[in-house]
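Trainee: This is entry_11.cif (mmCIF, C-alpha atoms).
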```cif
data_model
#
loop_
_atom_site.label_atom_id
_atom_site.label_comp_id
_atom_site.auth_asym_id
_atom_site.auth_seq_id
_atom_site.Cartn_x
_atom_site.Cartn_y
_atom_site.Cartn_z
CA MET A 1 -49.21 -141.19 -33.26
CA MET A 2 -47.08 -138.21 -33.79
CA SER A 3 -45.70 -139.66 -37.05
CA ILE A 4 -49.19 -140.32 -38.38
CA ARG A 5 -50.25 -136.76 -37.61
CA THR A 6 -47.18 -135.43 -39.32
CA PHE A 7 -47.80 -137.66 -42.31
CA GLY A 8 -51.41 -136.55 -42.39
CA GLY A 9 -50.38 -132.92 -42.23
CA ASN A 10 -47.86 -133.29 -45.05
CA ALA A 11 -50.41 -135.12 -47.13
CA LEU A 12 -52.89 -132.25 -46.77
CA VAL A 13 -50.26 -129.70 -47.65
CA LEU A 14 -49.49 -131.63 -50.83
CA VAL A 15 -53.01 -132.61 -51.84
CA PHE A 16 -54.86 -129.27 -51.50
CA PRO A 17 -52.68 -127.34 -53.95
CA LEU A 18 -53.08 -130.19 -56.40
CA ILE A 19 -56.87 -129.99 -56.11
CA ILE A 20 -56.80 -126.24 -56.60
CA LEU A 21 -54.47 -126.55 -59.59
CA ALA A 22 -56.60 -129.29 -61.07
CA GLY A 23 -59.69 -127.16 -60.66
CA CYS A 24 -58.05 -124.19 -62.34
CA SER A 25 -56.91 -126.21 -65.29
CA THR A 26 -60.39 -127.58 -66.07
CA THR A 27 -62.58 -124.43 -65.48
CA PRO A 28 -62.82 -122.27 -68.65
CA THR A 29 -61.78 -118.67 -68.16
CA PRO A 30 -64.70 -116.38 -69.06
CA GLU A 31 -63.92 -114.29 -72.13
CA LYS A 32 -63.70 -110.57 -71.58
CA TYR A 33 -66.86 -108.82 -72.94
CA LYS A 34 -66.21 -106.89 -76.09
CA PRO A 35 -68.30 -103.68 -76.14
CA LYS A 36 -70.62 -103.35 -79.10
CA THR A 37 -71.94 -100.34 -80.98
CA PHE A 38 -75.68 -99.87 -81.46
CA THR A 39 -77.44 -97.39 -83.75
CA ILE A 40 -80.62 -95.49 -82.98
CA GLU A 41 -82.18 -93.73 -85.94
CA ILE A 42 -83.99 -90.45 -85.39
CA TYR A 43 -86.67 -90.64 -88.03
CA GLN A 44 -90.23 -89.35 -88.40
CA MET A 45 -89.91 -87.55 -85.05
CA LYS A 46 -89.13 -90.75 -83.14
CA PHE A 47 -86.10 -92.49 -81.68
CA GLN A 48 -86.06 -95.88 -83.39
CA PRO A 49 -85.80 -98.06 -81.37
CA ALA A 50 -87.11 -95.96 -78.50
CA LEU A 51 -86.13 -98.64 -75.97
CA LEU A 52 -82.67 -100.20 -76.21
CA THR A 53 -81.00 -102.68 -73.84
CA VAL A 54 -77.19 -102.67 -73.78
CA HIS A 55 -74.26 -103.66 -71.58
CA LYS A 56 -72.24 -101.13 -69.63
CA GLY A 57 -69.52 -99.81 -71.91
CA ASP A 58 -71.43 -100.38 -75.14
CA THR A 59 -71.57 -97.44 -77.50
CA VAL A 60 -74.82 -96.01 -78.82
CA GLU A 61 -74.86 -93.81 -81.89
CA TRP A 62 -77.85 -91.64 -82.74
CA VAL A 63 -78.23 -90.75 -86.43
CA ASN A 64 -80.57 -87.94 -87.45
CA LYS A 65 -82.39 -89.10 -90.58
CA ASP A 66 -85.15 -86.55 -90.16
CA ILE A 67 -85.72 -83.31 -92.06
CA VAL A 68 -85.32 -81.10 -88.97
CA SER A 69 -82.67 -80.73 -86.25
CA HIS A 70 -82.83 -82.79 -83.07
CA ASP A 71 -80.77 -83.42 -79.96
CA VAL A 72 -80.40 -86.23 -77.43
CA THR A 73 -80.57 -85.13 -73.80
CA GLN A 74 -80.69 -87.13 -70.56
CA VAL A 75 -83.70 -86.55 -68.30
CA PRO A 76 -84.45 -85.39 -65.73
CA ASN A 77 -81.09 -83.82 -64.86
CA ASN A 78 -79.46 -83.13 -68.24
CA LEU A 79 -76.49 -85.27 -67.17
CA TRP A 80 -75.44 -85.64 -70.77
CA SER A 81 -76.54 -84.14 -74.06
CA SER A 82 -75.54 -84.10 -77.68
CA SER A 83 -75.16 -80.81 -79.42
CA ASN A 84 -77.73 -79.77 -81.99
CA LEU A 85 -77.86 -82.57 -84.60
CA LEU A 86 -78.60 -81.22 -88.05
CA PRO A 87 -80.23 -83.58 -90.55
CA GLY A 88 -77.68 -86.22 -91.56
CA LYS A 89 -75.48 -85.72 -88.48
CA SER A 90 -74.84 -88.23 -85.71
CA TRP A 91 -73.55 -88.39 -82.14
CA LYS A 92 -72.37 -91.28 -80.01
CA MET A 93 -71.46 -92.05 -76.41
CA ALA A 94 -70.47 -94.99 -74.24
CA VAL A 95 -73.35 -96.00 -72.01
CA GLU A 96 -72.63 -96.22 -68.29
CA GLU A 97 -76.06 -96.64 -66.74
CA THR A 98 -79.77 -96.92 -67.37
CA ASP A 99 -81.16 -93.54 -68.44
CA ASP A 100 -84.19 -91.87 -69.91
CA TYR A 101 -83.62 -89.26 -72.58
CA TYR A 102 -85.57 -86.94 -74.87
CA CYS A 103 -85.16 -84.39 -77.63
CA SER A 104 -85.08 -81.03 -75.86
CA ILE A 105 -86.18 -79.33 -79.10
CA HIS A 106 -89.20 -81.60 -79.59
CA VAL A 107 -90.12 -82.58 -76.05
CA VAL A 108 -92.64 -85.21 -77.14
CA MET A 109 -89.79 -87.39 -78.45
CA VAL A 110 -88.54 -89.74 -75.72
CA GLY A 111 -86.29 -92.77 -75.44
CA LYS A 112 -84.75 -95.10 -72.84
CA LEU A 113 -81.45 -96.93 -72.49
CA ILE A 114 -81.39 -99.96 -70.20
CA VAL A 115 -78.05 -101.31 -68.96
CA GLU A 116 -78.30 -105.00 -68.03
CA MET B 117 -113.40 -62.14 -72.12
CA LYS B 118 -116.23 -63.03 -74.46
CA MET B 119 -114.57 -60.96 -77.16
CA LEU B 120 -111.28 -62.77 -76.55
CA LYS B 121 -112.91 -66.16 -76.84
CA THR B 122 -114.70 -65.18 -80.01
CA PHE B 123 -111.55 -63.80 -81.56
CA THR B 124 -109.47 -66.84 -80.62
CA ALA B 125 -112.13 -69.20 -81.87
CA TRP B 126 -112.22 -67.36 -85.15
CA ALA B 127 -108.48 -67.56 -85.50
CA SER B 128 -108.51 -71.21 -84.60
CA VAL B 129 -110.99 -72.36 -87.17
CA THR B 130 -110.45 -69.99 -90.03
CA LEU B 131 -108.15 -72.25 -92.02
CA ALA B 132 -110.08 -75.38 -91.16
CA ILE B 133 -113.33 -73.80 -92.33
CA PHE B 134 -111.74 -72.73 -95.57
CA VAL B 135 -110.36 -76.20 -96.17
CA LEU B 136 -113.74 -77.74 -95.43
CA GLN B 137 -115.54 -75.21 -97.59
CA THR B 138 -113.29 -75.82 -100.51
CA MET B 139 -112.89 -79.55 -100.16
CA THR B 140 -116.22 -80.97 -99.11
CA SER B 141 -117.93 -80.08 -102.34
CA ASN B 142 -116.63 -81.75 -105.48
CA ALA B 143 -117.73 -78.74 -107.49
CA GLN B 144 -115.54 -76.48 -105.35
CA THR B 145 -112.61 -78.81 -104.75
CA PRO B 146 -109.62 -77.16 -106.36
CA LYS B 147 -107.45 -79.43 -108.41
CA LEU B 148 -103.95 -78.49 -107.48
CA ALA B 149 -101.03 -79.13 -109.76
CA ASP B 150 -97.62 -79.83 -108.24
CA ASP B 151 -96.43 -76.23 -108.65
CA GLU B 152 -99.58 -75.07 -106.80
CA ILE B 153 -99.11 -77.67 -104.06
CA ALA B 154 -95.54 -76.42 -103.60
CA SER B 155 -96.90 -72.89 -103.21
CA VAL B 156 -99.46 -73.98 -100.57
CA ALA B 157 -96.74 -75.84 -98.66
CA VAL B 158 -94.43 -72.83 -98.62
CA VAL B 159 -97.23 -70.43 -97.61
CA ALA B 160 -98.36 -72.72 -94.77
CA ASN B 161 -94.83 -72.90 -93.38
CA LYS B 162 -94.20 -69.18 -93.80
CA GLY B 163 -97.44 -68.50 -91.94
CA ASP B 164 -96.29 -70.34 -88.85
CA ILE B 165 -92.87 -68.68 -88.98
CA GLY B 166 -94.69 -65.33 -89.00
CA PHE B 167 -96.69 -66.30 -85.90
CA ALA B 168 -93.50 -67.47 -84.17
CA GLN B 169 -91.74 -64.19 -84.89
CA ILE B 170 -94.58 -62.29 -83.24
CA ALA B 171 -94.35 -64.60 -80.21
CA GLN B 172 -90.61 -64.04 -79.95
CA LYS B 173 -91.26 -60.30 -79.76
CA LYS B 174 -94.29 -60.28 -77.47
CA SER B 175 -94.05 -63.22 -75.05
CA LYS B 176 -92.07 -63.44 -71.83
CA ASN B 177 -93.07 -67.05 -71.16
CA ALA B 178 -90.12 -69.48 -71.45
CA GLU B 179 -92.27 -72.33 -72.78
CA ILE B 180 -93.87 -70.13 -75.42
CA LEU B 181 -90.50 -68.70 -76.47
CA LYS B 182 -88.97 -72.18 -76.74
CA PHE B 183 -91.91 -73.46 -78.75
CA ALA B 184 -91.82 -70.42 -81.05
CA HIS B 185 -88.09 -70.91 -81.63
CA THR B 186 -88.70 -74.55 -82.61
CA MET B 187 -91.53 -73.55 -84.97
CA ALA B 188 -89.40 -70.92 -86.71
CA SER B 189 -86.48 -73.32 -87.08
CA ASP B 190 -88.46 -76.41 -88.17
CA HIS B 191 -90.74 -74.65 -90.64
CA GLN B 192 -87.75 -72.88 -92.21
CA ALA B 193 -86.09 -76.30 -92.58
CA VAL B 194 -89.19 -77.60 -94.36
CA ILE B 195 -89.25 -74.56 -96.67
CA ASP B 196 -85.56 -75.12 -97.46
CA GLN B 197 -86.30 -78.75 -98.36
CA ALA B 198 -89.26 -77.73 -100.52
CA VAL B 199 -87.27 -75.05 -102.33
CA ALA B 200 -84.41 -77.49 -102.94
CA LEU B 201 -86.85 -80.02 -104.36
CA VAL B 202 -88.73 -77.64 -106.67
CA THR B 203 -85.40 -76.26 -107.87
CA LYS B 204 -84.27 -79.78 -108.68
CA LEU B 205 -87.58 -80.51 -110.40
CA LYS B 206 -87.45 -77.16 -112.24
CA VAL B 207 -90.86 -76.25 -110.83
CA THR B 208 -91.80 -72.72 -109.80
CA PRO B 209 -94.35 -72.52 -106.95
CA LYS B 210 -97.51 -71.03 -108.40
CA ASP B 211 -100.05 -68.93 -106.50
CA ASN B 212 -103.57 -70.36 -106.48
CA ALA B 213 -106.89 -69.91 -104.71
CA VAL B 214 -105.83 -71.98 -101.69
CA SER B 215 -102.47 -70.29 -101.18
CA LYS B 216 -103.97 -66.82 -101.69
CA LYS B 217 -106.67 -67.48 -99.13
CA MET B 218 -104.07 -68.80 -96.69
CA VAL B 219 -101.94 -65.67 -97.13
CA ALA B 220 -104.98 -63.49 -96.42
CA ASP B 221 -106.03 -65.54 -93.37
CA ASN B 222 -102.50 -65.63 -91.99
CA ALA B 223 -102.32 -61.84 -92.27
CA LYS B 224 -105.56 -61.55 -90.26
CA THR B 225 -104.19 -63.93 -87.62
CA GLN B 226 -100.97 -61.93 -87.39
CA LYS B 227 -103.01 -58.76 -86.93
CA MET B 228 -105.03 -60.46 -84.19
CA LEU B 229 -101.87 -61.65 -82.41
CA ASN B 230 -100.23 -58.24 -82.65
CA SER B 231 -103.29 -56.65 -81.09
CA LYS B 232 -103.12 -58.80 -77.96
CA SER B 233 -101.98 -57.45 -74.65
CA ALA B 234 -99.01 -59.14 -73.01
CA LYS B 235 -101.44 -60.76 -70.58
CA ASP B 236 -103.59 -62.33 -73.29
CA PHE B 237 -100.98 -63.02 -75.93
CA ASP B 238 -99.63 -66.41 -74.79
CA LYS B 239 -103.02 -68.10 -74.76
CA ALA B 240 -104.04 -66.57 -78.08
CA TYR B 241 -100.77 -67.69 -79.68
CA ILE B 242 -100.78 -71.27 -78.45
CA ASP B 243 -104.51 -71.74 -79.10
CA ASN B 244 -103.90 -70.64 -82.68
CA GLU B 245 -100.90 -72.99 -82.96
CA VAL B 246 -103.03 -75.96 -81.92
CA ALA B 247 -105.78 -75.08 -84.39
CA TYR B 248 -103.38 -74.13 -87.20
CA HIS B 249 -101.46 -77.40 -86.98
CA LYS B 250 -104.68 -79.43 -86.91
CA ALA B 251 -105.89 -77.65 -90.03
CA VAL B 252 -102.58 -77.94 -91.86
CA ILE B 253 -102.23 -81.65 -91.00
CA ASN B 254 -105.73 -82.21 -92.36
CA ALA B 255 -104.96 -80.27 -95.53
CA VAL B 256 -101.68 -82.08 -96.14
CA GLU B 257 -103.15 -85.53 -95.52
CA THR B 258 -106.42 -85.11 -97.39
CA ILE B 259 -105.55 -82.65 -100.15
CA LEU B 260 -101.88 -82.13 -100.86
CA ILE B 261 -100.60 -85.71 -100.58
CA PRO B 262 -103.44 -87.30 -102.57
CA GLN B 263 -103.14 -84.71 -105.35
CA ALA B 264 -99.35 -84.59 -105.62
CA GLN B 265 -98.23 -86.17 -108.87
CA ASN B 266 -94.46 -86.16 -108.49
CA ALA B 267 -93.24 -88.99 -106.24
CA GLU B 268 -90.52 -86.89 -104.59
CA LEU B 269 -92.97 -84.08 -103.80
CA LYS B 270 -95.44 -86.60 -102.39
CA GLY B 271 -92.60 -88.15 -100.36
CA LEU B 272 -91.57 -84.80 -98.89
CA LEU B 273 -95.17 -84.05 -97.90
CA GLN B 274 -95.42 -87.48 -96.27
CA GLN B 275 -92.19 -86.79 -94.36
CA VAL B 276 -93.55 -83.49 -93.09
CA VAL B 277 -96.67 -85.01 -91.50
CA PRO B 278 -94.88 -86.56 -88.45
CA THR B 279 -93.16 -83.22 -87.84
CA LEU B 280 -96.50 -81.39 -87.89
CA LYS B 281 -98.04 -83.99 -85.56
CA ALA B 282 -95.15 -83.62 -83.10
CA HIS B 283 -95.63 -79.85 -83.22
CA LEU B 284 -99.32 -80.32 -82.47
CA GLN B 285 -98.56 -82.56 -79.47
CA HIS B 286 -95.99 -80.05 -78.23
CA ALA B 287 -98.45 -77.16 -78.68
CA GLU B 288 -101.12 -79.04 -76.74
CA MET B 289 -98.62 -79.65 -73.91
CA VAL B 290 -97.77 -75.95 -73.74
CA GLN B 291 -101.47 -75.08 -73.95
CA THR B 292 -102.17 -77.27 -70.92
CA GLU B 293 -99.15 -75.91 -69.07
CA ILE B 294 -99.99 -72.23 -69.45
CA SER B 295 -103.66 -72.76 -68.56
CA LYS B 296 -102.72 -73.95 -65.03
#
```
What is this structure when it is put down as structure tokens?

Mentor:
Amino acid sequence: MMSIRTFGGNALVLVFPLIILAGCSTTPTPEKYKPKTFTIEIYQMKFQPALLTVHKGDTVEWVNKDIVSHDVTQVPNNLWSSSNLLPGKSWKMAVEETDDYYCSIHVVMVGKLIVE
Amino acid sequence: MKMLKTFTAWASVTLAIFVLQTMTSNAQTPKLADDEIASVAVVANKGDIGFAQIAQKKSKNAEILKFAHTMASDHQAVIDQAVALVTKLKVTPKDNAVSKKMVADNAKTQKMLNSKSAKDFDKAYIDNEVAYHKAVINAVETILIPQAQNAELKGLLQQVVPTLKAHLQHAEMVQTEISK
């Protein structure tokens, strides 16, 4: 009885690592996400697109294609903000979380970043 | 109070009335050449810069001051674009009946704004901004754009319209805010 138990115990010790190793060798390793860069045009007094869904770590670049200066400012707490963007200028940042933003110069211009 | 309302109402509709008077009758509708359209555009922008400069001197309200700063900056940017374009096109802005009337009306509005007490100024200024932008948007959309011959001039005028409409929305927000 004792020898059977011992045999059984040794068998388990040998078999479980094999199962684990076998499992590891057949499950594909998920590829690491490569952050992307998105562009939002500021044109005709609008952020285009006004709503953009990204992954955490993606970069968003705002390009001012309007004829007047704009900025990009988080609301409601001004957690981040571009400087004044003259026509033709751009500004970018890595997105960490879902945020609303607006142009503090033209307060009717609003946009939203959603991190999924 | 009645006097204030009357004065503000006058200031608010003066440009609109002129536009309507001159444009609703075919016999009176001025035919503007591109050099005359350029002049009207510059005068309209200079007018709002003038109002903003008065606000920056007279108002203590943060919303009014911020709005006035934006108006001065944006309308100067539009003038700069217009001047760059007419220089490129070798066109000299030419005075005409519309631009002359606008200059005269803007001077009257400036006089009205300068006469306001500190207490009454903010409302008079923002009420005029709402009316002025409505009138200018109407003039640009129904007169200047349709009559512009040069494609680049027409394009610049079309680009200006969203800016004017955003200004109007902003002015209406400030108007609501200061009336609370």

Trainee: B:Ala188, B:Leu269, B:Val219, B:Ile170: which is nearest Asp151 of chain B, counting only C-alpha atoms?

Mentor: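 Result for the nearest residue to Asp151 of chain B: B:Leu269.
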
Trainee: Evaluated on this file, the PyMOL selection byres ((chain A) within 7 of (chain B)) picks out some residues - which ones are they, written as a VMD selection string?

Mentor: chain A and resid 44 to 45 68 105 107 to 108

Trainee: Could you dump the residues just selected with C-alpha atoms as a short mmCIF file (atom, residue, chain, number, x, y, z; two decimals), keeping the file's coordinate frame?

Mentor:
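Contents of selection.cif, freshly written:
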```cif
data_model
loop_
_atom_site.label_atom_id
_atom_site.label_comp_id
_atom_site.auth_asym_id
_atom_site.auth_seq_id
_atom_site.Cartn_x
_atom_site.Cartn_y
_atom_site.Cartn_z
CA GLN A 44 -90.23 -89.35 -88.40
CA MET A 45 -89.91 -87.55 -85.05
CA VAL A 68 -85.32 -81.10 -88.97
CA ILE A 105 -86.18 -79.33 -79.10
CA VAL A 107 -90.12 -82.58 -76.05
CA VAL A 108 -92.64 -85.21 -77.14
#
```

Trainee: Quote the spacing between atom CA of Val60 of chain A and atom CA of Phe47 of chain A in Å to one decimal place.

Mentor: 12.2 Å

Trainee: Using all atoms listed in the file and a cutoff of 8 Å, can you tell me which residues are near (-70.4, -92.9, -75.6) in the file's coordinates, and write them out as a CSV table (one decimal) with C-alpha atoms, in the frame of the given file?

Mentor:
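Ended up saving to selection.csv:
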```csv
chain,number,residue,atom,x,y,z
A,57,GLY,CA,-69.5,-99.8,-71.9
A,58,ASP,CA,-71.4,-100.4,-75.1
A,59,THR,CA,-71.6,-97.4,-77.5
A,60,VAL,CA,-74.8,-96.0,-78.8
A,61,GLU,CA,-74.9,-93.8,-81.9
A,92,LYS,CA,-72.4,-91.3,-80.0
A,93,MET,CA,-71.5,-92.0,-76.4
A,94,ALA,CA,-70.5,-95.0,-74.2
A,95,VAL,CA,-73.4,-96.0,-72.0
```

Trainee: Neighbouring residues of segment 201-205 of chain B were defined as those with any atom within 12 Å, considering all atoms listed in the file; residues of the same chain fewer than 4 positions away were excluded. Please report them as a short mmCIF file (atom, residue, chain, number, x, y, z; two decimals) with C-alpha atoms, keeping the file's coordinate frame.

Mentor:
```cif
data_model
loop_
_atom_site.label_atom_id
_atom_site.label_comp_id
_atom_site.auth_asym_id
_atom_site.auth_seq_id
_atom_site.Cartn_x
_atom_site.Cartn_y
_atom_site.Cartn_z
CA ASP B 150 -97.62 -79.83 -108.24
CA ASP B 151 -96.43 -76.23 -108.65
CA GLU B 152 -99.58 -75.07 -106.80
CA ILE B 153 -99.11 -77.67 -104.06
CA ALA B 154 -95.54 -76.42 -103.60
CA SER B 155 -96.90 -72.89 -103.21
CA ALA B 157 -96.74 -75.84 -98.66
CA VAL B 158 -94.43 -72.83 -98.62
CA VAL B 194 -89.19 -77.60 -94.36
CA ILE B 195 -89.25 -74.56 -96.67
CA ASP B 196 -85.56 -75.12 -97.46
CA GLN B 197 -86.30 -78.75 -98.36
CA PRO B 209 -94.35 -72.52 -106.95
CA LYS B 210 -97.51 -71.03 -108.40
CA ASN B 266 -94.46 -86.16 -108.49
CA ALA B 267 -93.24 -88.99 -106.24
CA GLU B 268 -90.52 -86.89 -104.59
CA LEU B 269 -92.97 -84.08 -103.80
CA LYS B 270 -95.44 -86.60 -102.39
CA GLY B 271 -92.60 -88.15 -100.36
CA LEU B 272 -91.57 -84.80 -98.89
CA LEU B 273 -95.17 -84.05 -97.90
#
```

Trainee: Please report, as lines of an AutoDock Vina configuration file, the centre and edge lengths in Å to one decimal of an axis-aligned box covering all listed atoms of segment 91-108 of chain A with 3 Å per side.

Mentor:
```
center_x = -81.6
center_y = -88.1
center_z = -74.4
size_x = 28.2
size_y = 23.6
size_z = 21.4
```

Trainee: For a test of reading the model, state the distance in Å between atom CA of Asp238 of chain B and atom CA of Gly163 of chain B, rounded to one decimal.

Mentor: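 Here the two named atoms are 17.4 Å from each other.
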
Trainee: Selection in question (the file shown): the PyMOL selection byres ((chain B and resi 232) around 12). Which residues does it include, as an NGL selection string?

Mentor: :B and (119-120 or 123-124 or 170-171 or 174-175 or 225-231 or 233-241)

Trainee: Within 10 Å of Val156 of chain B, counting only C-alpha atoms, which residues show up once you throw out same-chain ones fewer than 4 positions away? Write them as a VMD selection string, please.

Mentor: chain B and resid 148 150 to 152 160 to 162 209 to 219 255 to 256 260

Trainee: Residues at most 7 Å from Asp66 of chain A, counting all atoms listed in the file, excluding those fewer than 6 positions away in the same chain, as a list in words?

Mentor: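 In the requested format, the answer is Ile42, Tyr43, Gln44 and Pro87 of chain A.
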
Trainee: Report the distance between atom CA of Asn78 of chain A and atom CA of Tyr33 of chain A in Å, rounded to one decimal place.

Mentor: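 Distance reported for this atom pair: 29.0 Å.
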
Trainee: Which polymer residues have any atom within 10 Å of an atom of Glu116 of chain A, counting only C-alpha atoms, with same-chain residues fewer than 4 positions away left out, as a PyMOL selection string?

Mentor: chain A and resi 53-56+97-98

Trainee: Taking the file as I've supplied it (selection: the PyMOL selection byres ((chain A and resi 76) around 8)), which residues are included? Please answer as number ranges by chain.

Mentor: A: 74-75, 77-78, 100-101

Trainee: Find the spatial neighbours of Lys89 of chain A, counting all atoms listed in the file, within a cut-off of 10 Å - ignore same-chain residues fewer than 4 positions away - and output them as a PyMOL selection string.

Mentor: chain A and resi 62-66+69-70+84-85

Trainee: Write the residues of the preceding selection, restricted to C-alpha atoms, as a JSON list (two decimals), in the coordinates of the input.

Mentor:
```
[["chain", "number", "residue", "atom", "x", "y", "z"],
["A", 62, "TRP", "CA", -77.85, -91.64, -82.74],
["A", 63, "VAL", "CA", -78.23, -90.75, -86.43],
["A", 64, "ASN", "CA", -80.57, -87.94, -87.45],
["A", 65, "LYS", "CA", -82.39, -89.10, -90.58],
["A", 66, "ASP", "CA", -85.15, -86.55, -90.16],
["A", 69, "SER", "CA", -82.67, -80.73, -86.25],
["A", 70, "HIS", "CA", -82.83, -82.79, -83.07],
["A", 84, "ASN", "CA", -77.73, -79.77, -81.99],
["A", 85, "LEU", "CA", -77.86, -82.57, -84.60]]
```

Trainee: Where atoms are missing, can you supply N, CA and C atoms for segment 72-86 of chain A and output the lot as a PDB file, in the frame of the given file?

Mentor:
```pdb
ATOM      1  N   VAL A  72     -80.188 -85.077 -78.308  1.00  0.00           N
ATOM      2  CA  VAL A  72     -80.400 -86.230 -77.430  1.00  0.00           C
ATOM      3  C   VAL A  72     -79.947 -85.790 -76.046  1.00  0.00           C
ATOM      4  N   THR A  73     -80.881 -85.708 -75.107  1.00  0.00           N
ATOM      5  CA  THR A  73     -80.570 -85.130 -73.800  1.00  0.00           C
ATOM      6  C   THR A  73     -81.125 -86.008 -72.678  1.00  0.00           C
ATOM      7  N   GLN A  74     -80.272 -86.305 -71.699  1.00  0.00           N
ATOM      8  CA  GLN A  74     -80.690 -87.130 -70.560  1.00  0.00           C
ATOM      9  C   GLN A  74     -81.749 -86.393 -69.737  1.00  0.00           C
ATOM     10  N   VAL A  75     -82.718 -87.126 -69.225  1.00  0.00           N
ATOM     11  CA  VAL A  75     -83.700 -86.550 -68.300  1.00  0.00           C
ATOM     12  C   VAL A  75     -83.695 -87.368 -67.009  1.00  0.00           C
ATOM     13  N   PRO A  76     -83.955 -86.761 -65.884  1.00  0.00           N
ATOM     14  CA  PRO A  76     -84.450 -85.390 -65.730  1.00  0.00           C
ATOM     15  C   PRO A  76     -83.362 -84.360 -65.432  1.00  0.00           C
ATOM     16  N   ASN A  77     -82.108 -84.758 -65.365  1.00  0.00           N
ATOM     17  CA  ASN A  77     -81.090 -83.820 -64.860  1.00  0.00           C
ATOM     18  C   ASN A  77     -80.106 -83.295 -65.906  1.00  0.00           C
ATOM     19  N   ASN A  78     -80.378 -83.569 -67.185  1.00  0.00           N
ATOM     20  CA  ASN A  78     -79.460 -83.130 -68.240  1.00  0.00           C
ATOM     21  C   ASN A  78     -78.019 -83.551 -67.973  1.00  0.00           C
ATOM     22  N   LEU A  79     -77.838 -84.799 -67.510  1.00  0.00           N
ATOM     23  CA  LEU A  79     -76.490 -85.270 -67.170  1.00  0.00           C
ATOM     24  C   LEU A  79     -75.598 -85.370 -68.399  1.00  0.00           C
ATOM     25  N   TRP A  80     -76.196 -85.644 -69.520  1.00  0.00           N
ATOM     26  CA  TRP A  80     -75.440 -85.640 -70.770  1.00  0.00           C
ATOM     27  C   TRP A  80     -76.350 -85.181 -71.906  1.00  0.00           C
ATOM     28  N   SER A  81     -75.746 -84.629 -72.932  1.00  0.00           N
ATOM     29  CA  SER A  81     -76.540 -84.140 -74.060  1.00  0.00           C
ATOM     30  C   SER A  81     -75.663 -84.023 -75.301  1.00  0.00           C
ATOM     31  N   SER A  82     -76.246 -84.341 -76.417  1.00  0.00           N
ATOM     32  CA  SER A  82     -75.540 -84.100 -77.680  1.00  0.00           C
ATOM     33  C   SER A  82     -75.650 -82.607 -77.964  1.00  0.00           C
ATOM     34  N   SER A  83     -74.901 -82.157 -78.922  1.00  0.00           N
ATOM     35  CA  SER A  83     -75.160 -80.810 -79.420  1.00  0.00           C
ATOM     36  C   SER A  83     -76.322 -80.920 -80.404  1.00  0.00           C
ATOM     37  N   ASN A  84     -76.668 -79.785 -80.997  1.00  0.00           N
ATOM     38  CA  ASN A  84     -77.730 -79.770 -81.990  1.00  0.00           C
ATOM     39  C   ASN A  84     -77.330 -80.662 -83.187  1.00  0.00           C
ATOM     40  N   LEU A  85     -78.176 -81.656 -83.493  1.00  0.00           N
ATOM     41  CA  LEU A  85     -77.860 -82.570 -84.600  1.00  0.00           C
ATOM     42  C   LEU A  85     -78.638 -82.164 -85.847  1.00  0.00           C
ATOM     43  N   LEU A  86     -77.954 -81.574 -86.785  1.00  0.00           N
ATOM     44  CA  LEU A  86     -78.600 -81.220 -88.050  1.00  0.00           C
ATOM     45  C   LEU A  86     -78.964 -82.490 -88.808  1.00  0.00           C
TER      46      LEU A  86
END
```
